[in-house]
Amino acid sequence: MEQARAYQSIKKTYSEDINKKKDFLVIEAPLQIDINNQPYTVVMRTPGDDESLIRGLLYAEDIYRSKENFTINYDSKNKTHHDILQVSIPKENLGKGYLNKRTLLSVSSCGICGKQEIDDIIVTGTPINNAHKLSVTDIREMFTKMESSQQTFKTTGGSHACAIFDKNNDMLTCKEDIGRHNAVDKCIGSLLIEKKLKDSALMLVSGRVSYEIVSKAFFAKIPIIIAVSACSSLAVDFAKEFGICLIGFSRKDRMTIYSNPQYISL
């Protein structure tokens, strides 16, 4: 699946030199999701792993959390990646989230664009119990593994990535997308499809962490989130409440631990 596209661009340096060259941009295109022949939402995403994206999104939105996979069919597919996917789910298996209608468009930078009321973003549940501990060396090695799989980022410099590892620090999946939360949904969805989500022990993300990524990790029962960039105040509050170890600014030989530092061997 095409995830990057070449465009002609003009590049100017600080000197007077101006050069024309081919530049690669990460693709952003709409994906319409229909549930049982009814439009549900339009997601702006990078094409590729659409079925994993839908599986993870519907899981995080409490629309479908059954262990069994559902049927997905393309109603239309074209060269511009403006696609429509039809999802078939028995009505009795639809979760509470299906009643909370999303807006027609969910942009690639927003994970909660479809929420209508403040109560819709409140997440409750039993805190995660975790016995898995990491060292700083473990974290560096896992980021190296994730970076080696970021082919779209290497080409465009414009995509986010998420990687999920097991208790042996082996990478279970790594996905890229223009949206941070889309990359997380793709990872969780792919593990749901492969029935390996129960093996998840920690999540790496390439960008910042805000509320919605912590909530997705909580629903997936992933107790450790490590980010390259910053964490929001609500992400930290939720992580403390949910028993999640949240780490930000993990770069080279430094990192900032915001919650549950007992998971890290320092």
# chains A, B, ... in the order shown; residues from 1 in each chain; ligands from 1
>>> residues_around(residues="Phe70 (chain A)", least_positions_apart="5", cutoff="8 Å", atoms="only C-alpha atoms", output="JSON, numbers by chain")
{"A": [87, 88, 89]}
>>> residues_around(residues="Leu25 (chain A)", least_positions_apart="2", cutoff="9 Å", atoms="only C-alpha atoms", output="tab-separated table (two decimals) with N, CA and C atoms, in the first residue's frame")
chain	number	residue	atom	x	y	z
A	3	GLN	N	2.22	4.66	0.92
A	3	GLN	CA	2.13	5.51	2.10
A	3	GLN	C	2.84	6.83	1.94
A	4	ALA	N	3.62	6.96	0.86
A	4	ALA	CA	4.33	8.21	0.57
A	4	ALA	C	4.23	8.49	-0.92
A	5	ARG	N	4.26	9.76	-1.26
A	5	ARG	CA	4.12	10.14	-2.67
A	5	ARG	C	5.12	11.24	-3.00
A	6	ALA	N	5.69	11.19	-4.21
A	6	ALA	CA	6.70	12.16	-4.62
A	6	ALA	C	6.05	13.41	-5.20
A	7	TYR	N	6.58	14.56	-4.83
A	7	TYR	CA	6.12	15.85	-5.36
A	7	TYR	C	7.34	16.67	-5.75
A	23	ASP	N	10.51	15.58	-3.79
A	23	ASP	CA	10.35	15.43	-2.35
A	23	ASP	C	9.22	14.44	-2.08
A	27	ILE	N	1.24	10.38	2.89
A	27	ILE	CA	-0.11	10.52	2.35
A	27	ILE	C	-1.13	10.68	3.47
A	155	THR	N	11.39	8.00	4.71
A	155	THR	CA	11.18	8.56	3.37
A	155	THR	C	10.66	9.98	3.41
A	156	THR	N	9.76	10.27	4.37
A	156	THR	CA	9.05	11.55	4.37
A	156	THR	C	9.38	12.44	5.56
A	157	GLY	N	9.78	11.88	6.67
A	157	GLY	CA	9.97	12.67	7.89
A	157	GLY	C	8.67	13.19	8.47
A	158	GLY	N	7.52	12.66	7.99
A	158	GLY	CA	6.24	13.23	8.38
A	158	GLY	C	5.26	12.29	9.04
>>> closest_residue(among="A:Leu172, A:Val26, A:Asp50, A:Lys21", to="Lys154 (chain A)", atoms="only C-alpha atoms")
A:Val26
>>> closest_residue(among="A:Leu266, A:Leu192, A:Leu94, A:Ala220", to="Asn36 (chain A)", atoms="only C-alpha atoms")
A:Leu94
>>> atom_distance(atom1="CA of Val228 (chain A)", atom2="CA of Pro30 (chain A)")
27.0 Å
>>> residues_around(residues="Ala230 (chain A)", least_positions_apart="4", cutoff="9 Å", atoms="only C-alpha atoms", output="number ranges by chain")
A: 207-210, 247-249
>>> closest_residue(among="A:Lys20, A:His132, A:His81, A:Arg140", to="Gly48 (chain A)", atoms="only C-alpha atoms")
A:His81
>>> residues_around(residues="Thr137 (chain A)", least_positions_apart="3", cutoff="10 Å", atoms="only C-alpha atoms", output="list in words")
Leu134, Arg140, Glu141, Met142, Asp253, Ser265 and Leu266 of chain A
>>> write_last_selection(atoms="C-alpha atoms", output="PDB file, in the first residue's frame")
ATOM      1  CA  LEU A 134      12.554  -2.340  32.428  1.00  0.00           C
ATOM      2  CA  ARG A 140      17.105   2.267  24.202  1.00  0.00           C
ATOM      3  CA  GLU A 141      17.185  -1.103  22.456  1.00  0.00           C
ATOM      4  CA  MET A 142      13.415  -1.089  21.896  1.00  0.00           C
ATOM      5  CA  ASP A 253      20.484   8.869  27.736  1.00  0.00           C
ATOM      6  CA  SER A 265      15.121  -0.158  37.142  1.00  0.00           C
ATOM      7  CA  LEU A 266      17.290   2.915  37.559  1.00  0.00           C
TER       8      LEU A 266
END
>>> atom_distance(atom1="CA of Thr46 (chain A)", atom2="CA of Ser233 (chain A)")
28.0 Å
>>> closest_residue(among="A:Ala201, A:Ala227, A:Ala235, A:Leu191", to="Gly56 (chain A)", atoms="only C-alpha atoms")
A:Leu191
>>> atom_distance(atom1="CA of Lys240 (chain A)", atom2="CA of Ser66 (chain A)")
27.4 Å
>>> closest_residue(among="A:Ser159, A:Asn169, A:Thr80, A:Asn182", to="Lys145 (chain A)", atoms="only C-alpha atoms")
A:Asn169
>>> select_by_dssp(residues="region 26-264 of chain A", states="alpha helix (DSSP H)", output="JSON, numbers by chain")
{"A": [50, 51, 52, 53, 54, 55, 56, 57, 58, 59, 60, 136, 137, 138, 139, 140, 141, 142, 143, 144, 145, 146, 147, 148, 151, 152, 153, 154, 155, 156, 180, 181, 182, 183, 184, 185, 186, 187, 188, 189, 190, 191, 192, 193, 211, 212, 213, 214, 215, 216, 217, 218, 219, 233, 234, 235, 236, 237, 238, 239, 240, 241, 242]}
